[in-house]
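*Asks:* Got a structure here, written out as structure tokens. Questions coming.
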Amino acid sequence: MLALARLASLALFALSLFTFVHAASPAARRAATNAERLARGLAPARPKRLYNPSRANVARSAPSGLPGSTQTGRLGIYPAGTSPSLRKRDGTLGFMGPYGLVPPGSSEVWTYTFSEPASSDTLLELNHAGTPYRLAGVAIRTGPQVTLGPGNTVYLELQNVRSHTDAGTVTPVYVYDTYAIGYAQTTIFSIDQSTGKLTVHWVNPDGTVAQQYIILAGTNIYVTGDVSALQAQLGAAQLNPIDIFFDVPDS
């Protein structure tokens with residue numbers, strides 16, 4: 001009987017020792033929750049995924065909301081070809097301001113709003129929040145017959161105006177405004193609902209829409225149907241193809 005009691009005590013001791021060793025093992029410590037670890041007097045477990053500041057720096061594109069909902073954000077300027085999913089806010093060239101490009105952190109960065117369309121193909125207007133101004137394509141030093149396309153020397157500047165034109169209009173409106181002088185169309189933008197990338201769709205007098213390129217020269221943002229023709233017009237100016245993304249603020 002005494003031998004049996006000693007055997008039972010030895011078995012309990014071995015079981016306790018095994019439990020202690022298992023609990024102290026690295027695998028068990030990693031598997032335990034931090035609450036369990038603290039209850040055992042252990043330090044919290046090392047995070048499986050360490051904080052990476054670059055993740056918080058990823059620019060967020062316009063969310064896909066319900067049609068008719070209002071979206072608010074800034075227009076980020078990036079080198080052409082920037083991957084929508086990998087772009088970082090510290091990789092931006094700047095943001096749209098009252099006269100064109102302004103550097104990140106500037107108090108002159110403008111915030112724009114638009115009404116969420118039913119599809120990415122719908123043309124929309126970008127309004128400067130809280131003011132009567134909106135972004136427009138403005139043809140300067142030209143008449144009202146503004147045609148963009150290959151071999152055409154006419155070009156636009158992206159500027160802010162108080163006038164309005166409907167989507168698909170072939171007749172621009174003449175503006176003589178604080179930030180712009182020339183012939184303007186305003187409802188000419190589309191924004192990809194999945195990436196936030198903005199494209200420009202100036203309508204020619206015959207109703208056609210040519211492929212249009214967005215170019216940065218200094219702080220001015222141009223739209224052209226022929227980059228070589230634009231270079232000939234601007235002379236020695238350094239032309240930089242860019243992409244524009246509608247970036248929403250972090251919530």
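Chain labels A, B, ... are given in the sequence in which chains occur in the structure tokens; within each chain residues are numbered consecutively from 1, and ligands are likewise numbered from 1 in the order shown.
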Residues within 7 Å of region 87-104 of chain A, please, as a PyMOL selection string. Count only C-alpha atoms; anything in the same chain fewer than 6 positions from it doesn't count.
*Replies:* chain A and resi 57-59+74-78+110+159-160+179+219-221
*Asks:* At a cut-off of 10 Å, using only C-alpha atoms, what residues contact Val161 (chain A)? Leave out same-chain residues fewer than 6 positions from it and give the result as number ranges by chain.
*Replies:* A: 98, 127-128, 132-138, 175-181, 184-186
*Asks:* Could you write out that same residue set with all heavy atoms as a compact mmCIF listing (two decimals), in the first residue's frame?
*Replies:*
# COMPACT_ATOMS: atom_id res chain seq x y z
N PRO A 98 -4.63 76.32 -55.18
CA PRO A 98 -5.42 77.30 -55.91
C PRO A 98 -4.92 77.57 -57.32
O PRO A 98 -5.71 77.82 -58.24
CB PRO A 98 -5.33 78.56 -55.04
CG PRO A 98 -4.13 78.35 -54.18
CD PRO A 98 -4.05 76.88 -53.94
N ASN A 127 -15.59 69.96 -56.77
CA ASN A 127 -15.84 71.26 -56.14
C ASN A 127 -14.89 71.48 -54.98
O ASN A 127 -14.62 70.57 -54.20
CB ASN A 127 -17.28 71.31 -55.64
CG ASN A 127 -18.28 71.16 -56.77
OD1 ASN A 127 -18.42 72.04 -57.61
ND2 ASN A 127 -18.97 70.02 -56.81
N HIS A 128 -14.37 72.71 -54.88
CA HIS A 128 -13.53 73.06 -53.74
C HIS A 128 -14.44 73.25 -52.53
O HIS A 128 -15.33 74.12 -52.53
CB HIS A 128 -12.75 74.35 -54.02
CG HIS A 128 -11.89 74.78 -52.87
ND1 HIS A 128 -11.78 76.09 -52.48
CD2 HIS A 128 -11.12 74.06 -52.02
CE1 HIS A 128 -10.96 76.17 -51.44
NE2 HIS A 128 -10.54 74.95 -51.14
N PRO A 132 -17.24 78.64 -53.87
CA PRO A 132 -17.93 78.47 -55.16
C PRO A 132 -17.02 77.95 -56.26
O PRO A 132 -17.46 77.82 -57.41
CB PRO A 132 -18.41 79.89 -55.47
CG PRO A 132 -17.40 80.78 -54.82
CD PRO A 132 -16.99 80.07 -53.56
N TYR A 133 -15.76 77.64 -55.95
CA TYR A 133 -14.81 77.23 -56.98
C TYR A 133 -14.86 75.73 -57.24
O TYR A 133 -15.20 74.93 -56.37
CB TYR A 133 -13.39 77.64 -56.58
CG TYR A 133 -13.17 79.14 -56.65
CD1 TYR A 133 -13.32 79.93 -55.52
CD2 TYR A 133 -12.83 79.76 -57.85
CE1 TYR A 133 -13.15 81.30 -55.57
CE2 TYR A 133 -12.64 81.13 -57.92
CZ TYR A 133 -12.80 81.90 -56.78
OH TYR A 133 -12.63 83.25 -56.84
N ARG A 134 -14.48 75.37 -58.46
CA ARG A 134 -14.38 73.97 -58.86
C ARG A 134 -13.22 73.83 -59.85
O ARG A 134 -12.83 74.79 -60.51
CB ARG A 134 -15.68 73.48 -59.49
CG ARG A 134 -16.16 74.33 -60.65
CD ARG A 134 -17.55 73.91 -61.12
NE ARG A 134 -18.52 73.93 -60.04
CZ ARG A 134 -19.23 75.00 -59.70
NH1 ARG A 134 -19.08 76.15 -60.35
NH2 ARG A 134 -20.11 74.95 -58.72
N LEU A 135 -12.68 72.62 -59.93
CA LEU A 135 -11.57 72.38 -60.84
C LEU A 135 -12.08 72.34 -62.28
O LEU A 135 -13.17 71.85 -62.55
CB LEU A 135 -10.88 71.07 -60.49
CG LEU A 135 -9.53 70.82 -61.16
CD1 LEU A 135 -8.50 71.85 -60.71
CD2 LEU A 135 -9.04 69.41 -60.84
N ALA A 136 -11.28 72.86 -63.20
CA ALA A 136 -11.67 72.90 -64.61
C ALA A 136 -10.45 72.72 -65.50
O ALA A 136 -9.31 72.96 -65.09
CB ALA A 136 -12.34 74.24 -64.93
N GLY A 137 -10.71 72.28 -66.72
CA GLY A 137 -9.71 72.37 -67.77
C GLY A 137 -9.91 73.69 -68.47
O GLY A 137 -11.02 74.00 -68.92
N VAL A 138 -8.86 74.50 -68.54
CA VAL A 138 -8.98 75.86 -69.09
C VAL A 138 -7.99 76.02 -70.25
O VAL A 138 -6.78 75.84 -70.07
CB VAL A 138 -8.70 76.93 -68.01
CG1 VAL A 138 -8.87 78.32 -68.61
CG2 VAL A 138 -9.63 76.74 -66.82
N VAL A 175 -14.08 82.22 -69.00
CA VAL A 175 -13.95 82.62 -67.60
C VAL A 175 -12.87 83.69 -67.48
O VAL A 175 -11.84 83.65 -68.17
CB VAL A 175 -13.59 81.43 -66.68
CG1 VAL A 175 -14.72 80.40 -66.67
CG2 VAL A 175 -12.29 80.75 -67.11
N TYR A 176 -13.15 84.67 -66.66
CA TYR A 176 -12.17 85.69 -66.29
C TYR A 176 -12.25 85.77 -64.78
O TYR A 176 -13.04 86.52 -64.23
CB TYR A 176 -12.52 87.04 -66.95
CG TYR A 176 -11.44 88.07 -66.83
CD1 TYR A 176 -10.48 88.22 -67.83
CD2 TYR A 176 -11.36 88.91 -65.71
CE1 TYR A 176 -9.47 89.18 -67.72
CE2 TYR A 176 -10.37 89.86 -65.60
CZ TYR A 176 -9.43 90.00 -66.59
OH TYR A 176 -8.43 90.94 -66.48
N ASP A 177 -11.46 84.92 -64.13
CA ASP A 177 -11.68 84.66 -62.71
C ASP A 177 -10.41 84.90 -61.91
O ASP A 177 -9.35 85.21 -62.45
CB ASP A 177 -12.16 83.21 -62.53
CG ASP A 177 -13.24 83.07 -61.48
OD1 ASP A 177 -13.23 83.86 -60.52
OD2 ASP A 177 -14.08 82.16 -61.60
N THR A 178 -10.53 84.69 -60.61
CA THR A 178 -9.38 84.91 -59.71
C THR A 178 -8.20 84.04 -60.09
O THR A 178 -7.04 84.49 -60.08
CB THR A 178 -9.80 84.62 -58.26
OG1 THR A 178 -10.93 85.42 -57.92
CG2 THR A 178 -8.65 84.92 -57.31
N TYR A 179 -8.46 82.77 -60.40
CA TYR A 179 -7.38 81.81 -60.62
C TYR A 179 -7.22 81.40 -62.08
O TYR A 179 -6.31 80.63 -62.39
CB TYR A 179 -7.63 80.55 -59.77
CG TYR A 179 -7.82 80.83 -58.30
CD1 TYR A 179 -9.07 80.69 -57.70
CD2 TYR A 179 -6.75 81.25 -57.51
CE1 TYR A 179 -9.25 80.97 -56.34
CE2 TYR A 179 -6.92 81.52 -56.17
CZ TYR A 179 -8.17 81.38 -55.59
OH TYR A 179 -8.33 81.65 -54.25
N ALA A 180 -8.11 81.88 -62.97
CA ALA A 180 -8.05 81.39 -64.35
C ALA A 180 -8.64 82.40 -65.33
O ALA A 180 -9.60 83.12 -64.99
CB ALA A 180 -8.82 80.07 -64.45
N ILE A 181 -8.07 82.43 -66.53
CA ILE A 181 -8.61 83.21 -67.65
C ILE A 181 -8.54 82.32 -68.89
O ILE A 181 -7.47 81.81 -69.23
CB ILE A 181 -7.82 84.50 -67.89
CG1 ILE A 181 -7.85 85.39 -66.65
CG2 ILE A 181 -8.37 85.24 -69.10
CD1 ILE A 181 -6.98 86.64 -66.77
N ALA A 184 -13.29 77.27 -70.52
CA ALA A 184 -13.27 76.19 -69.53
C ALA A 184 -14.40 75.20 -69.72
O ALA A 184 -15.50 75.55 -70.18
CB ALA A 184 -13.33 76.78 -68.12
N GLN A 185 -14.10 73.95 -69.35
CA GLN A 185 -15.11 72.92 -69.14
C GLN A 185 -14.87 72.36 -67.73
O GLN A 185 -13.71 72.21 -67.31
CB GLN A 185 -15.01 71.80 -70.18
CG GLN A 185 -15.41 72.21 -71.59
CD GLN A 185 -15.31 71.05 -72.57
OE1 GLN A 185 -15.09 69.90 -72.20
NE2 GLN A 185 -15.46 71.36 -73.86
N THR A 186 -15.96 72.06 -67.01
CA THR A 186 -15.79 71.64 -65.62
C THR A 186 -16.20 70.19 -65.34
O THR A 186 -15.55 69.51 -64.55
CB THR A 186 -16.59 72.56 -64.68
OG1 THR A 186 -17.99 72.47 -64.99
CG2 THR A 186 -16.12 74.01 -64.80
*Asks:* Looking at only C-alpha atoms, which of A:Phe245, A:Gln238, A:Val146, A:Phe114 is the one that sits closest to Gly207 (chain A)?
*Replies:*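 Closest candidate: A:Val146.
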*Asks:* A:Leu123, A:Val109, A:Val173, A:Ala237: which is nearest Leu216 (chain A), counting only C-alpha atoms?
*Replies:*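 The shortest atom-to-atom distance to Leu216 (chain A) comes from A:Ala237.
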*Asks:* In region 95-249 of chain A, what's strand (DSSP E) per DSSP? Answer as an NGL selection string?
*Replies:* :A and (95-96 or 101-102 or 111-115 or 127-128 or 134-139 or 155-161 or 173-176 or 181-185 or 189-191 or 197-200 or 213-217 or 220-224 or 240-248)
*Asks:* Which residues, written as a list in words, have at least one atom at most 12 Å from Ala210 (chain A), with only C-alpha atoms counted and residues fewer than 6 positions away on the same chain left out?
*Replies:*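 Counting only the stated atoms, we get Val146, Thr147, Leu148, Gly149, Pro150, Gly151, Asn152, Thr199, Val200, His201, Trp202, Val203, Asn204, Val223, Thr224, Gly225 and Asp226 of chain A.
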